[in-house]
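Written out below as structure tokens is the structure these notes cover.
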Amino acid sequence: MKGYLHSIQSLGTVDGPGVRAVVFTRGCPLRCAYCHNPDTWEISGKDSSDPSEVAARLLRLYPYIKNGGVTFSGGEPCLQAKFLSEVARLLKERELHIALDTSGCILNAEVEELLSLCDLVLLDIKMTDEESYRRYTGGSLGVTLAFLSYLEEIGKEVWIRHVVVPELNDSEEDIERLCALVRPFKCVKKIELLPFKTLCVEKYAALGIEFPLKDTPPMGESRMTELRARLDDRFK
């Protein structure tokens with residue numbers, strides 16, 4: 001079995017608890033307007049790896065990540081769920097914590113198998129209403145919420161992640177809708193608001209792709225502080 005990776009970040013600190021290795025896979029069915037990694041959209045037919053090769057690379061970092069773990073990200077890692085399940089089994093032999101960073105846009109038997117091997121799911125809720133979700137990602141909020149319902153059913157710990165973009169989803173009403181969406185789910189232990197940034201502009205230029213939000217400024221820290229305070233007030 002072969003998998004297709006974009007890269008491995010050796011010492012990440014923002015994709016789950018503790019110091020982690022982050023595996024970025026190739027392939028994503030969504031086209032989010034604010035995507036920072038357009039170079040992960042397509043699954044490449046070259047530079048493939050097998051599960052034992054990937055696990056060996058990750059386990060070389062064991063002294064640094066043993067109290068953190070490994071996060072599968074992307075792209076959309078659920079596109080390669082069967083491959084990542086094999087990697088996860090090898091990592092579990094060393095009792096490493098496994099997190100999955102996903103948009104929740106795919107749920108099938110292979111994804112369910114992968115989820116059974118994960119300790120934490122970082123679930124991206126990209127927009128808080130169906131119309132905006134479809135317009136700015138090409139996906140469906142309803143599908144992501146169905147994924148969240150499955151995580152609730154199996155009792156999997158979830159952290160919600162939500163990128164905040166100026167004049168797109170940066171109102172207090174957006175934050176209140178987000179809280180209302182996830183409040184019924186006991187599996188949700190945390191909500192992270194992430195600021196929109198423009199560091200990806202050069203990637204789009206190199207790929208010859210127009211960045212849909214090229215005229216949108218980065219999210220200001222003062223506004224993020226206000227919205228996080230609003231979140232803390234609404235989601236307890």
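Ordered as shown in the structure tokens, chains take letters A, B, and onward, while each chain numbers its residues from 1 and ligands are numbered from 1 in the order shown.
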
* Asked: If you count only C-alpha atoms, which residues fall within 6 Å of Ile191 in chain A, apart from same-chain ones fewer than 2 positions away, as an MDAnalysis selection string?
  -> chainID A and resid 159:161

* To do: Can you check which residues of range 30-198 of chain A DSSP gives as helix (DSSP H, G or I) on the backbone and send them as a PyMOL selection string?
  => chain A and resi 38-40+51-59+62-65+77-92+109-116+130-137+141-154+172-182

* **Selection near range 39-51 of chain A, 12 Å with only C-alpha atoms, sequence-local residues under 5 positions removed, as number ranges by chain** => A: 1-7, 23-32, 56-58, 73-77, 79-91, 200-209

May I have the selected residues written with C-alpha atoms, as a PDB file, in the first residue's frame?
ATOM      1  CA  MET A   1       0.000   0.000   0.000  1.00  0.00           C
ATOM      2  CA  LYS A   2       1.288   3.434  -0.938  1.00  0.00           C
ATOM      3  CA  GLY A   3       0.452   6.870   0.409  1.00  0.00           C
ATOM      4  CA  TYR A   4       1.206  10.340  -0.901  1.00  0.00           C
ATOM      5  CA  LEU A   5       2.621  12.924   1.481  1.00  0.00           C
ATOM      6  CA  HIS A   6       3.298  16.589   1.002  1.00  0.00           C
ATOM      7  CA  SER A   7       5.649  16.979   3.967  1.00  0.00           C
ATOM      8  CA  VAL A  23       2.058  14.633   8.605  1.00  0.00           C
ATOM      9  CA  PHE A  24       0.653  16.664   5.706  1.00  0.00           C
ATOM     10  CA  THR A  25      -0.987  14.414   3.132  1.00  0.00           C
ATOM     11  CA  ARG A  26      -1.787  15.186  -0.483  1.00  0.00           C
ATOM     12  CA  GLY A  27      -5.293  15.478  -1.897  1.00  0.00           C
ATOM     13  CA  CYS A  28      -8.345  17.518  -0.907  1.00  0.00           C
ATOM     14  CA  PRO A  29     -11.880  17.604  -2.376  1.00  0.00           C
ATOM     15  CA  LEU A  30     -12.560  21.116  -1.035  1.00  0.00           C
ATOM     16  CA  ARG A  31     -11.398  24.420  -2.471  1.00  0.00           C
ATOM     17  CA  CYS A  32     -11.537  26.773   0.481  1.00  0.00           C
ATOM     18  CA  ALA A  56      10.038   4.913  10.752  1.00  0.00           C
ATOM     19  CA  ARG A  57      10.547   8.603   9.916  1.00  0.00           C
ATOM     20  CA  LEU A  58       8.145   9.593  12.672  1.00  0.00           C
ATOM     21  CA  SER A  73      -3.285  16.751   8.422  1.00  0.00           C
ATOM     22  CA  GLY A  74      -3.427  17.777   4.789  1.00  0.00           C
ATOM     23  CA  GLY A  75      -4.865  18.368   2.341  1.00  0.00           C
ATOM     24  CA  GLU A  76      -7.659  16.158   3.594  1.00  0.00           C
ATOM     25  CA  PRO A  77      -6.146  13.125   5.358  1.00  0.00           C
ATOM     26  CA  LEU A  79      -8.820  10.727   1.457  1.00  0.00           C
ATOM     27  CA  GLN A  80      -5.977   8.382   2.427  1.00  0.00           C
ATOM     28  CA  ALA A  81      -7.623   6.873   5.498  1.00  0.00           C
ATOM     29  CA  LYS A  82      -6.633   3.272   4.817  1.00  0.00           C
ATOM     30  CA  PHE A  83      -2.967   4.197   4.407  1.00  0.00           C
ATOM     31  CA  LEU A  84      -2.958   6.367   7.533  1.00  0.00           C
ATOM     32  CA  SER A  85      -4.622   3.585   9.540  1.00  0.00           C
ATOM     33  CA  GLU A  86      -1.624   1.385   8.784  1.00  0.00           C
ATOM     34  CA  VAL A  87       0.743   4.156   9.879  1.00  0.00           C
ATOM     35  CA  ALA A  88      -1.293   4.724  13.048  1.00  0.00           C
ATOM     36  CA  ARG A  89      -1.139   1.037  13.996  1.00  0.00           C
ATOM     37  CA  LEU A  90       2.635   1.113  13.836  1.00  0.00           C
ATOM     38  CA  LEU A  91       2.754   4.288  15.935  1.00  0.00           C
ATOM     39  CA  CYS A 200       0.170  31.723   1.126  1.00  0.00           C
ATOM     40  CA  VAL A 201       0.072  34.369  -1.627  1.00  0.00           C
ATOM     41  CA  GLU A 202       3.452  33.354  -3.042  1.00  0.00           C
ATOM     42  CA  LYS A 203       2.359  29.699  -3.224  1.00  0.00           C
ATOM     43  CA  TYR A 204      -0.636  30.629  -5.369  1.00  0.00           C
ATOM     44  CA  ALA A 205       1.550  32.757  -7.624  1.00  0.00           C
ATOM     45  CA  ALA A 206       4.060  29.931  -8.065  1.00  0.00           C
ATOM     46  CA  LEU A 207       1.254  27.552  -9.032  1.00  0.00           C
ATOM     47  CA  GLY A 208      -0.324  30.044 -11.406  1.00  0.00           C
ATOM     48  CA  ILE A 209      -3.547  30.096  -9.376  1.00  0.00           C
TER      49      ILE A 209
END

Taking only residues of range 143-189 of chain A that have an atom at most 9 Å from an atom of range 99-108 of chain A, what is each one's shortest atom pair and its distance in Å to one decimal, using only C-alpha atoms, in chain and number order, as a tab-separated table?
residue	atom	partner	partner_atom	distance
A:Val143	CA	A:Cys105	CA	6.0
A:Thr144	CA	A:Gly104	CA	4.7
A:Leu145	CA	A:Gly104	CA	7.9
A:Ala146	CA	A:Gly104	CA	8.3
A:Phe147	CA	A:Gly104	CA	5.5
A:Leu148	CA	A:Gly104	CA	7.5
A:Tyr150	CA	A:Leu107	CA	8.9

Print the selection's residues with all heavy atoms to a file, as a short mmCIF file (atom, residue, chain, number, x, y, z; two decimals), in the first residue's frame.
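File produced: result34.cif:
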data_model
loop_
_atom_site.label_atom_id
_atom_site.label_comp_id
_atom_site.auth_asym_id
_atom_site.auth_seq_id
_atom_site.Cartn_x
_atom_site.Cartn_y
_atom_site.Cartn_z
N VAL A 143 -22.65 18.01 5.96
CA VAL A 143 -21.79 16.83 5.96
C VAL A 143 -20.83 16.87 7.14
O VAL A 143 -20.60 15.86 7.83
CB VAL A 143 -21.03 16.74 4.63
CG1 VAL A 143 -19.96 15.65 4.68
CG2 VAL A 143 -22.01 16.45 3.49
N THR A 144 -20.26 18.03 7.41
CA THR A 144 -19.34 18.16 8.54
C THR A 144 -20.06 17.92 9.87
O THR A 144 -19.51 17.27 10.77
CB THR A 144 -18.68 19.55 8.54
OG1 THR A 144 -17.90 19.69 7.35
CG2 THR A 144 -17.78 19.76 9.75
N LEU A 145 -21.27 18.43 9.99
CA LEU A 145 -22.03 18.21 11.23
C LEU A 145 -22.43 16.75 11.39
O LEU A 145 -22.50 16.24 12.52
CB LEU A 145 -23.26 19.12 11.24
CG LEU A 145 -22.96 20.62 11.36
CD1 LEU A 145 -24.26 21.42 11.33
CD2 LEU A 145 -22.17 20.93 12.63
N ALA A 146 -22.67 16.06 10.28
CA ALA A 146 -22.94 14.61 10.36
C ALA A 146 -21.70 13.87 10.84
O ALA A 146 -21.80 12.91 11.62
CB ALA A 146 -23.38 14.10 8.99
N PHE A 147 -20.53 14.32 10.40
CA PHE A 147 -19.26 13.76 10.86
C PHE A 147 -19.12 13.98 12.37
O PHE A 147 -18.74 13.07 13.12
CB PHE A 147 -18.12 14.43 10.10
CG PHE A 147 -16.78 13.76 10.24
CD1 PHE A 147 -16.31 12.91 9.26
CD2 PHE A 147 -15.96 14.02 11.33
CE1 PHE A 147 -15.05 12.32 9.36
CE2 PHE A 147 -14.72 13.44 11.45
CZ PHE A 147 -14.25 12.58 10.47
N LEU A 148 -19.45 15.19 12.81
CA LEU A 148 -19.39 15.50 14.24
C LEU A 148 -20.37 14.64 15.03
O LEU A 148 -20.05 14.18 16.14
CB LEU A 148 -19.68 16.99 14.46
CG LEU A 148 -19.67 17.49 15.89
CD1 LEU A 148 -18.35 17.19 16.59
CD2 LEU A 148 -19.96 19.00 15.93
N TYR A 150 -21.21 11.63 14.31
CA TYR A 150 -20.60 10.31 14.44
C TYR A 150 -19.53 10.31 15.54
O TYR A 150 -19.44 9.36 16.32
CB TYR A 150 -19.97 9.88 13.11
CG TYR A 150 -19.27 8.54 13.19
CD1 TYR A 150 -20.00 7.36 13.26
CD2 TYR A 150 -17.87 8.47 13.24
CE1 TYR A 150 -19.36 6.13 13.37
CE2 TYR A 150 -17.23 7.25 13.35
CZ TYR A 150 -17.97 6.08 13.41
OH TYR A 150 -17.34 4.87 13.53
#

* **Pick from A:Ser116, A:Thr71, A:Ser52, A:Ser222 nearest to Ile98 in chain A, counting only C-alpha atoms** =>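 Of all the options, A:Thr71 lies closest to Ile98 in chain A.
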
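When only C-alpha atoms are used to compute distances to Gly16 in chain A, the closest of the residues A:Glu210, A:Glu53, A:Glu112, A:Asp119 turns out to be A:Asp119.
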
* Distance in Å - CA of Pro17 in chain A versus CA of Leu115 in chain A ->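 A separation of 17.4 Å between them.
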
* Asked: Mind pulling up the distance from CA of Pro212 in chain A to CA of Ala180 in chain A?
  ->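 Here the two named atoms are 28.5 Å from each other.
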
* From a DSSP pass on the backbone, collect the residues of range 55-187 of chain A flagged as strand (DSSP E) and hand them back as a VMD selection string. => chain A and resid 69 to 73 98 to 102 120 to 124 157 to 164

For the residues in the current selection, export N, CA, C and O atoms as a JSON list (two decimals), in the first residue's frame.
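Full text of out_36.json as output:
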[["chain", "number", "residue", "atom", "x", "y", "z"],
["A", 69, "GLY", "N", 2.79, 13.75, 20.37],
["A", 69, "GLY", "CA", 2.25, 12.73, 19.49],
["A", 69, "GLY", "C", 2.41, 13.08, 18.03],
["A", 69, "GLY", "O", 3.30, 13.84, 17.65],
["A", 70, "VAL", "N", 1.52, 12.52, 17.22],
["A", 70, "VAL", "CA", 1.52, 12.71, 15.77],
["A", 70, "VAL", "C", 0.15, 13.19, 15.33],
["A", 70, "VAL", "O", -0.88, 12.69, 15.81],
["A", 71, "THR", "N", 0.13, 14.17, 14.43],
["A", 71, "THR", "CA", -1.13, 14.67, 13.86],
["A", 71, "THR", "C", -1.11, 14.42, 12.36],
["A", 71, "THR", "O", -0.16, 14.77, 11.67],
["A", 72, "PHE", "N", -2.19, 13.81, 11.87],
["A", 72, "PHE", "CA", -2.39, 13.65, 10.42],
["A", 72, "PHE", "C", -3.20, 14.83, 9.92],
["A", 72, "PHE", "O", -4.31, 15.08, 10.37],
["A", 73, "SER", "N", -2.64, 15.56, 8.96],
["A", 73, "SER", "CA", -3.28, 16.75, 8.42],
["A", 73, "SER", "C", -3.22, 16.69, 6.90],
["A", 73, "SER", "O", -2.99, 15.64, 6.32],
["A", 98, "ILE", "N", -2.40, 10.01, 18.79],
["A", 98, "ILE", "CA", -2.69, 10.29, 17.38],
["A", 98, "ILE", "C", -3.85, 11.27, 17.28],
["A", 98, "ILE", "O", -4.92, 11.06, 17.87],
["A", 99, "ALA", "N", -3.64, 12.34, 16.53],
["A", 99, "ALA", "CA", -4.71, 13.32, 16.26],
["A", 99, "ALA", "C", -4.95, 13.37, 14.76],
["A", 99, "ALA", "O", -4.05, 13.15, 13.95],
["A", 100, "LEU", "N", -6.19, 13.66, 14.38],
["A", 100, "LEU", "CA", -6.59, 13.78, 12.99],
["A", 100, "LEU", "C", -7.16, 15.17, 12.76],
["A", 100, "LEU", "O", -8.15, 15.55, 13.39],
["A", 101, "ASP", "N", -6.53, 15.93, 11.86],
["A", 101, "ASP", "CA", -7.00, 17.26, 11.52],
["A", 101, "ASP", "C", -7.77, 17.15, 10.21],
["A", 101, "ASP", "O", -7.18, 16.92, 9.14],
["A", 102, "THR", "N", -9.09, 17.32, 10.25],
["A", 102, "THR", "CA", -9.94, 17.03, 9.10],
["A", 102, "THR", "C", -11.08, 18.04, 8.98],
["A", 102, "THR", "O", -11.50, 18.65, 9.96],
["A", 120, "LEU", "N", -7.77, 11.95, 19.24],
["A", 120, "LEU", "CA", -8.32, 13.30, 19.18],
["A", 120, "LEU", "C", -8.61, 13.65, 17.73],
["A", 120, "LEU", "O", -7.85, 13.28, 16.83],
["A", 121, "VAL", "N", -9.72, 14.36, 17.51],
["A", 121, "VAL", "CA", -10.03, 14.88, 16.19],
["A", 121, "VAL", "C", -10.06, 16.40, 16.25],
["A", 121, "VAL", "O", -10.75, 16.99, 17.10],
["A", 122, "LEU", "N", -9.27, 17.04, 15.39],
["A", 122, "LEU", "CA", -9.31, 18.49, 15.20],
["A", 122, "LEU", "C", -10.24, 18.73, 14.02],
["A", 122, "LEU", "O", -9.85, 18.51, 12.87],
["A", 123, "LEU", "N", -11.47, 19.13, 14.29],
["A", 123, "LEU", "CA", -12.49, 19.23, 13.25],
["A", 123, "LEU", "C", -12.65, 20.67, 12.80],
["A", 123, "LEU", "O", -12.99, 21.55, 13.60],
["A", 124, "ASP", "N", -12.41, 20.92, 11.51],
["A", 124, "ASP", "CA", -12.54, 22.26, 10.96],
["A", 124, "ASP", "C", -13.99, 22.54, 10.58],
["A", 124, "ASP", "O", -14.53, 21.88, 9.68],
["A", 157, "GLU", "N", -12.90, 12.44, 21.49],
["A", 157, "GLU", "CA", -12.63, 13.82, 21.89],
["A", 157, "GLU", "C", -12.41, 14.69, 20.66],
["A", 157, "GLU", "O", -11.70, 14.30, 19.72],
["A", 158, "VAL", "N", -13.00, 15.89, 20.68],
["A", 158, "VAL", "CA", -12.96, 16.79, 19.52],
["A", 158, "VAL", "C", -12.55, 18.19, 19.96],
["A", 158, "VAL", "O", -13.05, 18.71, 20.96],
["A", 159, "TRP", "N", -11.66, 18.78, 19.17],
["A", 159, "TRP", "CA", -11.40, 20.22, 19.25],
["A", 159, "TRP", "C", -11.89, 20.83, 17.94],
["A", 159, "TRP", "O", -11.52, 20.36, 16.86],
["A", 160, "ILE", "N", -12.72, 21.84, 18.02],
["A", 160, "ILE", "CA", -13.21, 22.54, 16.84],
["A", 160, "ILE", "C", -12.22, 23.62, 16.45],
["A", 160, "ILE", "O", -11.70, 24.35, 17.31],
["A", 161, "ARG", "N", -11.95, 23.75, 15.15],
["A", 161, "ARG", "CA", -11.10, 24.82, 14.64],
["A", 161, "ARG", "C", -11.89, 25.64, 13.63],
["A", 161, "ARG", "O", -12.64, 25.09, 12.82],
["A", 162, "HIS", "N", -11.70, 26.96, 13.70],
["A", 162, "HIS", "CA", -12.49, 27.86, 12.86],
["A", 162, "HIS", "C", -11.60, 29.04, 12.46],
["A", 162, "HIS", "O", -11.16, 29.81, 13.31],
["A", 163, "VAL", "N", -11.30, 29.14, 11.16],
["A", 163, "VAL", "CA", -10.50, 30.25, 10.66],
["A", 163, "VAL", "C", -11.39, 31.48, 10.51],
["A", 163, "VAL", "O", -12.46, 31.41, 9.89],
["A", 164, "VAL", "N", -10.94, 32.59, 11.06],
["A", 164, "VAL", "CA", -11.71, 33.84, 11.03],
["A", 164, "VAL", "C", -11.12, 34.77, 9.97],
["A", 164, "VAL", "O", -9.94, 35.10, 10.01]]

* To do: Pick out the residues sitting within 12 Å of Arg183 in chain A, and hand them over as JSON, numbers by chain; count only C-alpha atoms, and ignore anything fewer than 6 positions along from it in its own chain.
  => {"A": [145, 148, 149, 152, 160, 175, 176, 177, 189, 190, 191, 231, 234, 235, 236]}

Using only all heavy atoms, please write the residues we just selected to a file, as a short mmCIF file (atom, residue, chain, number, x, y, z; two decimals), in the first residue's frame.
data_model
loop_
_atom_site.label_atom_id
_atom_site.label_comp_id
_atom_site.auth_asym_id
_atom_site.auth_seq_id
_atom_site.Cartn_x
_atom_site.Cartn_y
_atom_site.Cartn_z
N LEU A 145 -21.27 18.43 9.99
CA LEU A 145 -22.03 18.21 11.23
C LEU A 145 -22.43 16.75 11.39
O LEU A 145 -22.50 16.24 12.52
CB LEU A 145 -23.26 19.12 11.24
CG LEU A 145 -22.96 20.62 11.36
CD1 LEU A 145 -24.26 21.42 11.33
CD2 LEU A 145 -22.17 20.93 12.63
N LEU A 148 -19.45 15.19 12.81
CA LEU A 148 -19.39 15.50 14.24
C LEU A 148 -20.37 14.64 15.03
O LEU A 148 -20.05 14.18 16.14
CB LEU A 148 -19.68 16.99 14.46
CG LEU A 148 -19.67 17.49 15.89
CD1 LEU A 148 -18.35 17.19 16.59
CD2 LEU A 148 -19.96 19.00 15.93
N SER A 149 -21.52 14.39 14.48
CA SER A 149 -22.50 13.51 15.15
C SER A 149 -21.94 12.11 15.32
O SER A 149 -22.17 11.46 16.35
CB SER A 149 -23.80 13.47 14.34
OG SER A 149 -24.44 14.72 14.35
N GLU A 152 -19.53 12.13 18.16
CA GLU A 152 -20.29 12.11 19.42
C GLU A 152 -20.75 10.69 19.74
O GLU A 152 -20.65 10.24 20.90
CB GLU A 152 -21.50 13.05 19.29
CG GLU A 152 -22.41 13.07 20.49
CD GLU A 152 -21.96 14.02 21.59
OE1 GLU A 152 -20.84 14.57 21.51
OE2 GLU A 152 -22.73 14.21 22.54
N ILE A 160 -12.72 21.84 18.02
CA ILE A 160 -13.21 22.54 16.84
C ILE A 160 -12.22 23.62 16.45
O ILE A 160 -11.70 24.35 17.31
CB ILE A 160 -14.60 23.17 17.09
CG1 ILE A 160 -15.63 22.08 17.43
CG2 ILE A 160 -15.05 24.00 15.89
CD1 ILE A 160 -15.90 21.10 16.30
N ILE A 175 -19.68 34.03 15.54
CA ILE A 175 -19.18 33.29 16.70
C ILE A 175 -20.34 32.68 17.48
O ILE A 175 -20.26 31.53 17.94
CB ILE A 175 -18.34 34.21 17.60
CG1 ILE A 175 -17.14 34.78 16.83
CG2 ILE A 175 -17.88 33.46 18.85
CD1 ILE A 175 -16.27 33.74 16.16
N GLU A 176 -21.42 33.41 17.60
CA GLU A 176 -22.58 32.87 18.31
C GLU A 176 -23.18 31.68 17.55
O GLU A 176 -23.60 30.70 18.17
CB GLU A 176 -23.62 33.97 18.52
CG GLU A 176 -23.16 35.03 19.51
CD GLU A 176 -24.22 36.08 19.80
OE1 GLU A 176 -25.36 35.92 19.30
OE2 GLU A 176 -23.91 37.03 20.53
N ARG A 177 -23.21 31.76 16.21
CA ARG A 177 -23.71 30.62 15.43
C ARG A 177 -22.81 29.41 15.59
O ARG A 177 -23.28 28.27 15.69
CB ARG A 177 -23.83 31.00 13.95
CG ARG A 177 -25.08 31.77 13.60
CD ARG A 177 -25.37 31.71 12.10
NE ARG A 177 -24.28 32.22 11.30
CZ ARG A 177 -24.15 33.50 10.95
NH1 ARG A 177 -25.06 34.39 11.34
NH2 ARG A 177 -23.13 33.89 10.21
N LYS A 189 -14.50 19.51 23.31
CA LYS A 189 -13.84 19.97 24.53
C LYS A 189 -13.22 21.36 24.39
O LYS A 189 -12.87 21.98 25.38
CB LYS A 189 -12.74 18.98 24.93
CG LYS A 189 -13.21 17.54 25.07
CD LYS A 189 -14.36 17.42 26.07
CE LYS A 189 -14.81 15.98 26.21
NZ LYS A 189 -16.00 15.85 27.10
N LYS A 190 -13.13 21.84 23.15
CA LYS A 190 -12.40 23.09 22.93
C LYS A 190 -12.77 23.66 21.57
O LYS A 190 -13.04 22.90 20.63
CB LYS A 190 -10.89 22.80 23.00
CG LYS A 190 -9.96 23.98 22.89
CD LYS A 190 -8.52 23.49 23.04
CE LYS A 190 -7.50 24.59 23.00
NZ LYS A 190 -6.11 24.09 23.16
N ILE A 191 -12.80 24.99 21.47
CA ILE A 191 -12.94 25.66 20.18
C ILE A 191 -11.75 26.60 20.00
O ILE A 191 -11.46 27.42 20.88
CB ILE A 191 -14.24 26.48 20.09
CG1 ILE A 191 -15.47 25.58 20.26
CG2 ILE A 191 -14.32 27.19 18.73
CD1 ILE A 191 -16.78 26.35 20.25
N LEU A 231 -16.29 34.26 22.42
CA LEU A 231 -16.37 32.81 22.43
C LEU A 231 -16.34 32.25 23.85
O LEU A 231 -17.15 31.39 24.22
CB LEU A 231 -15.20 32.23 21.63
CG LEU A 231 -15.03 30.72 21.64
CD1 LEU A 231 -16.18 30.05 20.92
CD2 LEU A 231 -13.70 30.31 21.01
N ARG A 234 -19.65 32.68 25.45
CA ARG A 234 -20.77 31.92 24.90
C ARG A 234 -20.59 30.41 24.99
O ARG A 234 -21.57 29.68 25.03
CB ARG A 234 -20.99 32.31 23.43
CG ARG A 234 -21.40 33.78 23.23
CD ARG A 234 -22.70 34.08 23.93
NE ARG A 234 -23.15 35.45 23.65
CZ ARG A 234 -24.19 36.02 24.22
NH1 ARG A 234 -24.89 35.34 25.11
NH2 ARG A 234 -24.53 37.26 23.92
N PHE A 235 -19.34 29.96 24.97
CA PHE A 235 -19.09 28.52 24.98
C PHE A 235 -18.38 28.15 26.27
O PHE A 235 -17.20 28.42 26.44
CB PHE A 235 -18.25 28.10 23.78
CG PHE A 235 -18.06 26.62 23.67
CD1 PHE A 235 -19.07 25.81 23.20
CD2 PHE A 235 -16.85 26.03 24.02
CE1 PHE A 235 -18.91 24.43 23.11
CE2 PHE A 235 -16.67 24.66 23.94
CZ PHE A 235 -17.70 23.85 23.47
N LYS A 236 -19.12 27.56 27.17
CA LYS A 236 -18.57 27.20 28.47
C LYS A 236 -18.85 25.73 28.76
O LYS A 236 -19.85 25.19 28.32
CB LYS A 236 -19.18 28.06 29.58
CG LYS A 236 -18.86 29.55 29.42
CD LYS A 236 -19.53 30.37 30.52
CE LYS A 236 -19.20 31.86 30.36
NZ LYS A 236 -19.84 32.69 31.38
#

* Asked: Which residues, written as number ranges by chain, have at least one atom at most 8 Å from Thr128 in chain A, with only C-alpha atoms counted and residues fewer than 6 positions away on the same chain left out?
  -> A: 141, 174, 177-178, 181

Those same residues - N, CA and C atoms - I'd like them written as a tab-separated table (two decimals), in the first residue's frame.
chain	number	residue	atom	x	y	z
A	141	LEU	N	-21.74	22.19	5.05
A	141	LEU	CA	-21.75	22.23	6.52
A	141	LEU	C	-22.50	21.03	7.07
A	174	ASP	N	-21.39	35.49	13.86
A	174	ASP	CA	-20.74	34.27	13.39
A	174	ASP	C	-20.27	33.40	14.56
A	177	ARG	N	-23.21	31.76	16.21
A	177	ARG	CA	-23.71	30.62	15.43
A	177	ARG	C	-22.81	29.41	15.59
A	178	LEU	N	-21.50	29.65	15.60
A	178	LEU	CA	-20.55	28.55	15.80
A	178	LEU	C	-20.80	27.86	17.13
A	181	LEU	N	-23.91	25.79	17.06
A	181	LEU	CA	-23.77	24.56	16.30
A	181	LEU	C	-23.15	23.43	17.13

* So what do you get for CA of Cys187 in chain A versus CA of Leu151 in chain A, distance-wise? ->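 About the pair CA of Cys187 in chain A and CA of Leu151 in chain A: they are 7.2 Å apart.
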